[in-house]
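The structure file my_file39.csv is reproduced below (CSV, C-alpha atoms and all ligand atoms).
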chain,number,residue,atom,x,y,z
A,14,MET,CA,80.9,88.8,108.3
A,15,LEU,CA,82.9,87.0,105.6
A,16,ASP,CA,84.8,83.9,106.3
A,17,LYS,CA,88.6,83.9,105.7
A,18,ARG,CA,88.3,82.3,102.4
A,19,GLN,CA,85.7,84.7,100.9
A,20,LYS,CA,87.8,87.5,102.3
A,21,TYR,CA,91.0,86.2,100.7
A,22,ILE,CA,89.4,85.8,97.3
A,23,PHE,CA,87.6,89.2,97.5
A,24,GLN,CA,90.8,91.0,98.6
A,25,LYS,CA,92.7,89.5,95.7
A,26,LYS,CA,90.1,90.7,93.3
A,27,LEU,CA,90.3,94.2,94.7
A,28,GLU,CA,94.1,94.2,94.5
A,29,GLU,CA,93.9,93.3,90.9
A,30,LEU,CA,91.4,96.1,90.2
A,31,ARG,CA,93.5,98.6,92.2
A,32,ASN,CA,96.5,97.9,89.9
A,33,ILE,CA,94.6,98.9,86.8
A,34,LYS,CA,95.3,102.4,85.5
A,35,GLY,CA,93.5,104.0,82.6
A,36,GLN,CA,95.4,106.3,80.2
A,37,HIS,CA,92.8,109.0,80.7
A,38,THR,CA,89.6,109.6,82.6
A,39,GLU,CA,87.9,106.6,81.0
A,40,LEU,CA,87.5,103.8,83.6
A,41,ILE,CA,83.9,103.5,84.8
A,42,SER,CA,82.8,102.3,88.3
A,43,LEU,CA,79.1,101.7,88.8
A,44,TYR,CA,77.6,100.7,92.1
A,45,ILE,CA,74.0,99.5,92.2
A,46,PRO,CA,72.5,98.7,95.6
A,47,PRO,CA,69.8,95.9,95.8
A,48,ASN,CA,66.9,98.3,96.1
A,49,ARG,CA,67.6,100.4,93.0
A,50,GLN,CA,65.4,100.0,89.9
A,51,ILE,CA,67.3,98.9,86.9
A,52,SER,CA,65.2,101.3,84.7
A,53,ASP,CA,66.5,104.2,86.8
A,54,VAL,CA,70.0,103.1,86.3
A,55,MET,CA,69.4,102.8,82.6
A,56,ALA,CA,68.0,106.3,82.3
A,57,TYR,CA,71.0,107.6,84.2
A,58,LEU,CA,73.4,105.8,81.9
A,59,ARG,CA,71.6,107.1,78.8
A,60,GLU,CA,72.1,110.6,80.1
A,61,GLU,CA,75.8,109.9,80.8
A,62,TYR,CA,76.1,108.5,77.3
A,63,SER,CA,74.9,111.6,75.7
A,64,GLN,CA,77.0,113.8,77.9
A,65,SER,CA,80.1,111.7,77.1
A,66,SER,CA,79.6,112.3,73.4
A,67,ASN,CA,81.0,115.7,74.0
A,68,ILE,CA,84.3,114.5,75.3
A,69,LYS,CA,87.0,116.3,73.2
A,70,SER,CA,89.6,113.6,72.9
A,71,LYS,CA,88.5,111.2,70.2
A,72,GLN,CA,90.2,108.2,71.9
A,73,THR,CA,88.8,108.9,75.3
A,74,ARG,CA,85.3,109.5,74.0
A,75,LYS,CA,85.4,106.2,72.1
A,76,ASN,CA,86.6,104.3,75.2
A,77,VAL,CA,84.0,105.9,77.6
A,78,LEU,CA,81.2,105.3,75.2
A,79,ALA,CA,82.2,101.7,74.7
A,80,ALA,CA,82.4,101.2,78.5
A,81,ILE,CA,78.9,102.6,79.0
A,82,GLU,CA,77.5,100.5,76.1
A,83,SER,CA,79.0,97.4,77.6
A,84,ILE,CA,77.4,98.1,81.0
A,85,MET,CA,74.0,98.8,79.4
A,86,SER,CA,74.0,95.7,77.4
A,87,ARG,CA,74.6,93.7,80.5
A,88,LEU,CA,71.9,95.5,82.5
A,89,ARG,CA,69.3,94.7,79.8
A,90,PHE,CA,69.4,91.1,81.1
A,91,LEU,CA,68.7,92.1,84.7
A,92,LYS,CA,65.1,92.5,86.0
A,93,LYS,CA,66.4,93.7,89.3
A,94,PRO,CA,69.8,93.9,91.1
A,95,PRO,CA,71.0,90.7,92.9
A,96,GLU,CA,70.3,90.5,96.6
A,97,ASN,CA,73.5,92.2,97.6
A,98,GLY,CA,73.6,94.6,94.7
A,99,ILE,CA,76.0,94.7,91.8
A,100,VAL,CA,79.1,96.6,90.9
A,101,PHE,CA,80.6,97.1,87.4
A,102,PHE,CA,84.2,98.1,86.6
A,103,VAL,CA,84.5,98.7,82.9
A,104,GLY,CA,87.1,100.4,80.8
A,105,THR,CA,89.9,100.2,78.3
A,106,VAL,CA,93.4,99.2,79.4
A,107,TYR,CA,96.5,99.4,77.4
A,108,ASN,CA,98.9,96.4,77.8
A,109,GLY,CA,100.4,96.8,74.4
A,110,GLN,CA,97.0,96.4,72.8
A,111,PRO,CA,94.0,98.3,74.0
A,112,LYS,CA,91.5,95.9,75.6
A,113,LEU,CA,88.1,96.5,77.1
A,114,ILE,CA,87.9,94.9,80.4
A,115,ALA,CA,84.6,94.4,82.2
A,116,GLU,CA,84.5,93.1,85.8
A,117,VAL,CA,81.1,92.5,87.4
A,118,ILE,CA,81.1,91.9,91.1
A,119,GLU,CA,78.3,90.7,93.3
A,120,PRO,CA,79.4,91.8,96.7
A,121,PRO,CA,79.4,89.1,99.4
A,122,ILE,CA,77.4,91.4,101.7
A,123,PRO,CA,74.9,94.1,100.7
A,124,ILE,CA,76.1,97.5,99.6
A,125,ASN,CA,74.1,100.6,100.0
A,126,THR,CA,76.1,102.9,97.7
A,127,TYR,CA,74.6,104.1,94.5
A,128,LEU,CA,77.3,105.7,92.5
A,129,TYR,CA,78.6,106.3,89.0
A,130,ARG,CA,82.2,107.4,88.5
A,131,CYS,CA,84.4,107.9,85.5
A,132,ASP,CA,88.1,108.3,86.4
A,133,SER,CA,91.6,107.1,85.5
A,134,GLN,CA,91.3,104.4,88.1
A,135,PHE,CA,88.5,102.3,89.5
A,136,TYR,CA,86.7,103.5,92.6
A,137,LEU,CA,87.0,100.7,95.2
A,138,GLU,CA,86.4,102.3,98.6
A,139,PRO,CA,82.9,101.0,99.3
A,140,LEU,CA,84.1,97.4,98.6
A,141,GLU,CA,87.3,97.9,100.5
A,142,LYS,CA,85.2,98.9,103.5
A,143,LEU,CA,83.3,95.6,103.3
A,144,VAL,CA,86.4,93.6,104.1
A,145,GLU,CA,88.0,95.7,106.7
A,146,GLU,CA,88.5,94.0,110.0
A,147,LYS,CA,85.6,94.8,112.2
A,148,ASP,CA,86.4,93.4,115.6
A,149,ILE,CA,88.9,95.2,117.8
A,150,TYR,CA,89.8,94.2,121.4
A,151,GLY,CA,91.5,96.6,123.8
A,152,LEU,CA,94.5,95.3,125.8
A,153,LEU,CA,95.6,96.8,129.1
A,154,LEU,CA,98.5,95.7,131.3
A,155,ILE,CA,99.0,97.4,134.6
A,156,ASP,CA,101.0,97.2,137.9
A,157,ARG,CA,102.4,99.8,140.1
A,158,ARG,CA,105.4,100.5,137.8
A,159,GLU,CA,104.3,100.0,134.2
A,160,CYS,CA,101.2,100.3,132.0
A,161,THR,CA,101.0,99.1,128.4
A,162,ILE,CA,97.9,99.7,126.2
A,163,GLY,CA,97.4,97.9,123.0
A,164,PHE,CA,94.9,96.4,120.5
A,165,LEU,CA,94.1,93.1,119.0
A,166,THR,CA,92.8,93.4,115.5
A,167,GLY,CA,92.1,90.2,113.7
A,168,SER,CA,95.4,88.4,114.2
A,169,ARG,CA,97.4,91.5,114.8
A,170,ILE,CA,98.6,92.6,118.2
A,171,GLU,CA,99.9,96.2,118.4
A,172,MET,CA,101.1,98.5,121.2
A,173,ALA,CA,99.4,101.9,121.5
A,174,ALA,CA,101.0,103.3,124.6
A,175,TYR,CA,103.6,102.5,127.2
A,176,MET,CA,103.9,104.4,130.5
A,177,THR,CA,106.0,104.0,133.6
A,178,SER,CA,105.1,105.4,137.1
A,179,ARG,CA,107.1,107.1,139.8
A,180,VAL,CA,105.4,105.1,142.6
A,181,PRO,CA,108.2,104.2,145.0
A,182,GLY,CA,108.6,100.6,146.2
A,183,LYS,CA,106.4,99.5,149.1
A,184,HIS,CA,109.1,99.2,151.7
A,185,GLY,CA,110.5,102.2,153.5
A,186,ARG,CA,112.7,102.5,156.5
A,187,GLY,CA,110.2,101.7,159.3
A,188,GLY,CA,109.2,103.7,162.4
A,189,GLN,CA,107.4,107.0,162.3
A,190,SER,CA,108.5,107.9,158.8
A,191,GLN,CA,107.3,104.5,157.6
A,192,ARG,CA,103.6,105.5,157.9
A,193,ARG,CA,104.2,108.8,156.2
A,194,PHE,CA,106.1,107.0,153.5
A,195,GLU,CA,103.3,104.6,153.0
A,196,ARG,CA,100.7,107.4,152.8
A,197,LEU,CA,102.8,109.2,150.1
A,198,THR,CA,103.2,106.0,148.2
A,199,GLU,CA,99.4,105.4,148.2
A,200,ILE,CA,98.9,109.0,146.9
A,201,ALA,CA,101.4,108.4,144.2
A,202,ALA,CA,99.8,105.1,143.3
A,203,HIS,CA,96.4,106.7,143.1
A,204,GLU,CA,97.7,109.4,140.8
A,205,TRP,CA,99.4,106.7,138.7
A,206,PHE,CA,96.1,104.7,138.3
A,207,VAL,CA,94.2,107.9,137.4
A,208,LYS,CA,96.7,108.7,134.7
A,209,ALA,CA,96.8,105.2,133.3
A,210,GLY,CA,93.0,104.9,133.5
A,211,GLU,CA,92.4,108.1,131.6
A,212,LYS,CA,94.9,107.2,128.9
A,213,ALA,CA,93.5,103.7,128.4
A,214,SER,CA,89.9,105.0,128.4
A,215,LYS,CA,90.7,107.7,125.9
A,216,LEU,CA,92.5,105.3,123.5
A,217,PHE,CA,89.8,102.6,123.8
A,218,LEU,CA,86.9,105.0,123.4
A,219,GLU,CA,88.4,106.3,120.1
A,220,LYS,CA,87.8,102.8,118.6
A,221,GLU,CA,84.3,102.6,117.2
A,222,ASN,CA,84.3,98.8,116.9
A,223,LEU,CA,85.8,97.9,120.2
A,224,LYS,CA,84.3,94.6,121.1
A,225,GLY,CA,85.9,93.9,124.4
A,226,VAL,CA,88.7,94.7,126.8
A,227,LEU,CA,91.3,92.3,128.3
A,228,VAL,CA,93.1,93.4,131.5
A,229,GLY,CA,96.3,91.7,132.7
A,230,GLY,CA,99.4,92.0,134.9
A,231,PRO,CA,101.2,90.2,137.7
A,232,GLY,CA,99.8,90.3,141.2
A,233,PRO,CA,96.6,91.8,142.6
A,234,THR,CA,97.1,95.4,141.4
A,235,LYS,CA,95.2,94.9,138.1
A,236,ARG,CA,92.1,93.8,140.0
A,237,GLU,CA,92.3,96.7,142.5
A,238,PHE,CA,92.7,99.0,139.5
A,239,VAL,CA,89.6,97.5,137.7
A,240,ASN,CA,87.4,97.5,140.9
A,241,ALA,CA,88.3,101.0,141.9
A,242,ASN,CA,86.7,102.5,138.7
A,243,TYR,CA,89.8,104.1,137.2
A,244,LEU,CA,88.4,103.2,133.8
A,245,ASP,CA,85.6,105.0,132.1
A,246,TYR,CA,82.3,103.1,132.8
A,247,ARG,CA,81.8,102.4,129.1
A,248,ILE,CA,85.1,100.7,129.0
A,249,LYS,CA,84.6,98.9,132.3
A,250,ASP,CA,81.4,97.4,130.8
A,251,LYS,CA,83.5,95.9,128.0
A,252,ILE,CA,86.0,94.0,130.2
A,253,ILE,CA,85.9,90.3,129.2
A,254,GLY,CA,88.3,89.2,131.9
A,255,VAL,CA,91.2,89.9,134.1
A,256,TYR,CA,94.2,87.7,133.6
A,257,ASP,CA,97.6,86.9,135.1
A,258,THR,CA,100.6,87.8,133.0
A,259,GLY,CA,104.3,87.8,134.0
A,260,TYR,CA,105.0,91.0,132.1
A,261,THR,CA,103.5,94.5,131.8
A,262,ASP,CA,105.4,95.6,128.8
A,263,GLU,CA,104.9,95.0,125.1
A,264,TYR,CA,105.8,91.3,125.5
A,265,GLY,CA,103.0,91.0,128.0
A,266,LEU,CA,100.4,91.9,125.3
A,267,ARG,CA,101.0,88.5,123.7
A,268,GLU,CA,100.9,86.8,127.0
A,269,LEU,CA,97.6,88.5,127.7
A,270,VAL,CA,95.9,87.3,124.5
A,271,GLU,CA,97.3,83.8,125.2
A,272,ALA,CA,95.9,83.9,128.7
A,273,ALA,CA,92.5,84.9,127.5
A,274,SER,CA,92.4,82.3,124.7
A,275,ASP,CA,89.7,80.2,126.4
A,276,ASP,CA,87.4,83.2,126.5
A,277,LEU,CA,88.2,84.2,122.9
A,278,GLU,CA,87.8,80.7,121.2
A,279,GLU,CA,86.2,82.2,118.1
A,280,LEU,CA,89.1,84.6,117.3
A,281,ASP,CA,91.2,84.0,114.3
A,282,VAL,CA,94.4,84.6,116.3
A,283,ILE,CA,93.6,81.9,118.8
A,284,LYS,CA,92.5,79.4,116.1
A,285,ASP,CA,95.7,80.0,114.1
A,286,LYS,CA,97.8,79.6,117.3
A,287,LYS,CA,96.1,76.3,118.2
A,288,LEU,CA,96.4,74.9,114.7
A,289,MET,CA,100.0,75.8,114.3
A,290,ARG,CA,100.8,74.3,117.6
A,291,ARG,CA,99.1,71.1,116.6
A,292,PHE,CA,101.0,71.1,113.3
A,293,LEU,CA,104.4,71.8,114.9
A,294,ASN,CA,103.8,69.1,117.4
A,295,GLU,CA,103.2,66.6,114.5
A,296,VAL,CA,106.4,67.8,112.9
A,297,ARG,CA,108.4,67.3,116.0
A,298,LYS,CA,107.2,63.7,116.5
A,299,ASP,CA,107.4,63.0,112.8
A,300,GLY,CA,103.7,62.3,112.8
A,301,LEU,CA,100.9,63.6,110.6
A,302,ALA,CA,102.5,66.8,109.4
A,303,ILE,CA,103.6,67.5,105.8
A,304,TYR,CA,104.6,70.7,104.1
A,305,GLY,CA,105.8,72.1,100.8
A,306,GLU,CA,103.8,72.6,97.7
A,307,ASP,CA,104.3,69.2,96.0
A,308,ALA,CA,103.9,67.1,99.0
A,309,VAL,CA,100.7,68.9,100.1
A,310,ARG,CA,99.3,68.8,96.6
A,311,LYS,CA,99.8,65.0,96.3
A,312,ALA,CA,98.2,64.5,99.7
A,313,LEU,CA,95.2,66.6,98.8
A,314,GLU,CA,94.8,64.7,95.5
A,315,ALA,CA,95.0,61.4,97.5
A,316,GLY,CA,92.3,62.7,99.9
A,317,SER,CA,94.4,62.2,103.0
A,318,VAL,CA,94.5,65.8,104.3
A,319,ASP,CA,92.6,66.6,107.4
A,320,THR,CA,93.5,70.3,107.6
A,321,LEU,CA,95.2,72.5,105.0
A,322,LEU,CA,97.3,75.4,106.4
A,323,ILE,CA,98.0,78.0,103.8
A,324,SER,CA,99.6,81.4,104.0
A,325,ASP,CA,97.6,84.3,102.5
A,326,SER,CA,100.9,85.9,101.4
A,327,LEU,CA,102.2,83.3,98.8
A,328,ASN,CA,101.5,85.5,95.8
A,329,LYS,CA,102.2,82.6,93.6
A,330,TYR,CA,100.3,81.9,90.3
A,331,LYS,CA,100.1,79.2,87.8
A,332,ILE,CA,99.7,80.7,84.4
A,333,ARG,CA,99.1,79.5,80.9
A,334,ALA,CA,101.0,81.8,78.5
A,335,LYS,CA,100.8,81.8,74.7
A,336,CYS,CA,103.0,83.5,72.2
A,337,ASN,CA,100.8,85.1,69.5
A,338,ASN,CA,103.8,85.3,67.2
A,339,CYS,CA,105.0,81.6,66.9
A,340,GLY,CA,102.1,79.9,68.7
A,341,TYR,CA,104.3,78.5,71.5
A,342,GLU,CA,102.3,77.7,74.7
A,343,GLU,CA,103.6,77.0,78.2
A,344,ILE,CA,102.2,76.4,81.7
A,345,MET,CA,104.4,78.0,84.3
A,346,GLU,CA,104.5,79.2,87.9
A,347,ILE,CA,105.3,82.8,88.7
A,348,VAL,CA,105.7,84.7,91.9
A,349,GLY,CA,104.2,88.2,92.2
A,350,LYS,CA,103.2,90.4,89.4
A,351,LYS,CA,105.1,89.8,86.2
A,352,GLU,CA,104.0,92.2,83.5
A,353,ILE,CA,105.9,90.8,80.5
A,354,ILE,CA,106.9,87.2,79.9
A,355,LYS,CA,109.1,86.6,76.9
A,356,CYS,CA,108.6,83.7,74.6
A,357,PRO,CA,111.5,81.3,75.0
A,358,LYS,CA,111.3,80.5,71.2
A,359,CYS,CA,111.1,83.9,69.6
A,360,SER,CA,111.4,86.5,72.5
A,361,ASN,CA,108.0,88.1,71.7
A,362,PRO,CA,106.0,89.1,74.8
A,363,MET,CA,103.5,86.3,75.6
A,364,GLU,CA,99.9,86.7,76.3
A,365,ILE,CA,98.6,85.3,79.7
A,366,ILE,CA,95.5,83.2,78.8
A,367,GLU,CA,94.9,81.8,82.2
A,368,LYS,CA,96.0,82.7,85.6
A,369,ILE,CA,95.3,80.7,88.7
A,370,ASP,CA,96.2,81.8,92.2
A,371,ILE,CA,97.9,78.9,94.0
A,372,VAL,CA,96.1,79.6,97.2
A,373,GLU,CA,92.7,79.3,95.4
A,374,GLU,CA,93.9,76.2,93.6
A,375,PHE,CA,94.7,74.6,96.9
A,376,ILE,CA,91.5,75.7,98.6
A,377,GLU,CA,89.6,74.1,95.7
A,378,LEU,CA,91.6,70.8,96.0
A,379,ALA,CA,90.9,70.7,99.7
A,380,GLU,CA,87.2,71.3,99.3
A,381,LYS,CA,86.9,68.4,96.8
A,382,THR,CA,88.0,66.0,99.6
A,383,SER,CA,86.3,68.0,102.4
A,384,ALA,CA,89.5,68.8,104.1
A,385,ASN,CA,89.4,71.8,106.4
A,386,VAL,CA,91.0,74.9,105.1
A,387,GLU,CA,92.8,77.5,107.2
A,388,ILE,CA,94.1,80.6,105.6
A,389,ILE,CA,96.7,82.1,107.9
A,390,THR,CA,97.9,85.7,107.7
A,391,ARG,CA,101.5,86.7,108.3
A,392,GLU,CA,100.3,89.2,110.9
A,393,SER,CA,100.7,86.7,113.6
A,394,GLU,CA,103.8,85.0,114.9
A,395,GLU,CA,102.4,81.6,113.8
A,396,GLY,CA,101.7,82.9,110.3
A,397,GLU,CA,105.2,84.1,110.0
A,398,ILE,CA,106.5,80.7,111.0
A,399,LEU,CA,104.3,79.0,108.4
A,400,TYR,CA,105.5,81.3,105.7
A,401,LYS,CA,109.2,81.4,106.5
A,402,ALA,CA,109.9,77.9,107.8
A,403,PHE,CA,107.4,75.8,105.8
A,404,GLY,CA,107.1,77.7,102.5
A,405,GLY,CA,103.5,78.8,103.4
A,406,ILE,CA,101.9,75.5,102.5
A,407,ALA,CA,101.4,72.7,105.1
A,408,ALA,CA,98.9,70.1,106.1
A,409,ILE,CA,97.9,67.9,108.9
A,410,LEU,CA,97.0,64.4,107.6
A,411,ARG,CA,94.1,62.2,108.5
A,412,TYR,CA,96.3,59.2,108.7
A,413,LYS,CA,99.9,58.4,108.2
A,414,GLY,CA,100.7,57.3,104.7
A,415,ASN,CA,103.9,56.3,103.2
A,416,HIS,CA,103.3,57.5,99.7
A,417,TYR,CA,105.1,60.8,100.0
B,501,ZN,ZN,107.1,82.9,70.2
Rewrite the coordinates I just gave you, this time as structure tokens.
Amino acid sequence: MLDKRQKYIFQKKLEELRNIKGQHTELISLYIPPNRQISDVMAYLREEYSQSSNIKSKQTRKNVLAAIESIMSRLRFLKKPPENGIVFFVGTVYNGQPKLIAEVIEPPIPINTYLYRCDSQFYLEPLEKLVEEKDIYGLLLIDRRECTIGFLTGSRIEMAAYMTSRVPGKHGRGGQSQRRFERLTEIAAHEWFVKAGEKASKLFLEKENLKGVLVGGPGPTKREFVNANYLDYRIKDKIIGVYDTGYTDEYGLRELVEAASDDLEELDVIKDKKLMRRFLNEVRKDGLAIYGEDAVRKALEAGSVDTLLISDSLNKYKIRAKCNNCGYEEIMEIVGKKEIIKCPKCSNPMEIIEKIDIVEEFIELAEKTSANVEIITRESEEGEILYKAFGGIAAILRYKGNHY
């Protein structure tokens, strides 16, 4: 598995590649797995090269041949593929001027795809699969009135089903009819548990990567439900624990994950929660918390940061742009994707010479002083608080300083 930082950087790279569109079928993706002979790949490319010489459009032919040549010239220096394999994305893009771009990626985990594709966009699926969230936990809340089924994926909690029962309350009128009433109630409860168990088992079994199941609810019902085998045995085997929650509706799902936090220490969602709680606590008592881009940058440079908390959704970049008309150069910060930046001197579109992702910049700063880095997604409540209330950049300091 990738750590959050590797994942962040990798996903950013994929996003960049995803946004590249060729004018025609002229962008080449080449996946070479670790066990493939380079000489095989070269032979294949030579064949593709001669095939591509028949492409009718002169422009497309020129671009495709240039891309294949570029890959071949790089492969000549390789004796064998790197240990995780290697992937090439090469082609001509038109951003005003045509430009041959060549992106070479060594995947963070081994690939087993061998593939050559020439298309109007890059083929990214095998790499996208590498960074998909793998671990999923099933969530089940049950009492005699309600049942909620959900999933915890990474930091995301989502509801999958909500059901209500028709089991009457436990107390009837007493006397003869009381016993009859109780018997009917138990039959209704049994039917309710069967229905809930079947629904939960079905939904959980559909998930290939289900790592565990958490069961919750108020009172003893949830344990009776678990012990009485209403769940498929394959699901029952995956139960990590049974926990008390006050609610059995969607709100209860959060409660359940929270209640199970000691058993799920390693999960991102729990780590994020604990860290953000620590941070907010420091904010409240005006202690070791700081936030905002400038304050955190200064603290990182001073080496006083213990833990950097940064949102993965900043989408902010520091760029160096140059005007090729009048030579004017400027370093600026931009948010999101800005295609064209006009020169403030002569209004010509400027060329972006350098582009640094703020998140990556901060991670690097943190690593220089061995501060801990936590990249927090907006999928969780805590992540949303970090992004909205603190601008997405915050830190917990090692000691209290007065230089900010
Ligand atoms: Zn200019």
Ligand ZN 501 (chain B): which residues are within 12 Å, counting only C-alpha atoms and all ligand atoms, as a short mmCIF file (atom, residue, chain, number, x, y, z; two decimals) with C-alpha atoms, in the frame of the given file?
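The resulting file, part_5.cif, is reproduced below:
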data_model
loop_
_atom_site.label_atom_id
_atom_site.label_comp_id
_atom_site.auth_asym_id
_atom_site.auth_seq_id
_atom_site.Cartn_x
_atom_site.Cartn_y
_atom_site.Cartn_z
CA ALA A 334 101.00 81.80 78.50
CA LYS A 335 100.80 81.80 74.70
CA CYS A 336 103.00 83.50 72.20
CA ASN A 337 100.80 85.10 69.50
CA ASN A 338 103.80 85.30 67.20
CA CYS A 339 105.00 81.60 66.90
CA GLY A 340 102.10 79.90 68.70
CA TYR A 341 104.30 78.50 71.50
CA GLU A 342 102.30 77.70 74.70
CA GLU A 343 103.60 77.00 78.20
CA ILE A 354 106.90 87.20 79.90
CA LYS A 355 109.10 86.60 76.90
CA CYS A 356 108.60 83.70 74.60
CA PRO A 357 111.50 81.30 75.00
CA LYS A 358 111.30 80.50 71.20
CA CYS A 359 111.10 83.90 69.60
CA SER A 360 111.40 86.50 72.50
CA ASN A 361 108.00 88.10 71.70
CA PRO A 362 106.00 89.10 74.80
CA MET A 363 103.50 86.30 75.60
CA GLU A 364 99.90 86.70 76.30
#
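Comparing A:Arg297, A:Lys69, A:Lys92, A:Lys329 by their smallest distance to A:Val372, the closest is A:Lys329 (using all atoms listed in the file).
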Using all atoms listed in the file, what residues lie at most 10 Å away from (85.2, 95.4, 101.4) (file coordinates), given as a ChimeraX atom specification?
-> /A:15,20,23-24,27,120-122,124,137-146
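Restricting the calculation to only C-alpha atoms, the smallest distance between A:Thr258 and any of A:Arg89, A:Arg411, A:Lys235, A:Lys286 is found for A:Lys235.
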Excluding A:Leu266 and residues on its chain fewer than 3 positions from it, collect all residues at most 12 Å away from it, counting all atoms listed in the file, and give them as a PyMOL selection string.
-> chain A and resi 150-155+160-165+169-175+227-230+256-263+269-273
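Of the residues listed (A:Ile323, A:Tyr412, A:Thr382, A:Gly35), A:Tyr412 shows the shortest atom-to-atom separation from A:Ala302; distances use only C-alpha atoms.
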For the point (101.5, 100.4, 144.1) in the file's frame, write as a PyMOL selection string all residues with an atom no more than 12 Å away, counting all atoms listed in the file.
-> chain A and resi 155-159+177-184+195-206+232-235+237-238
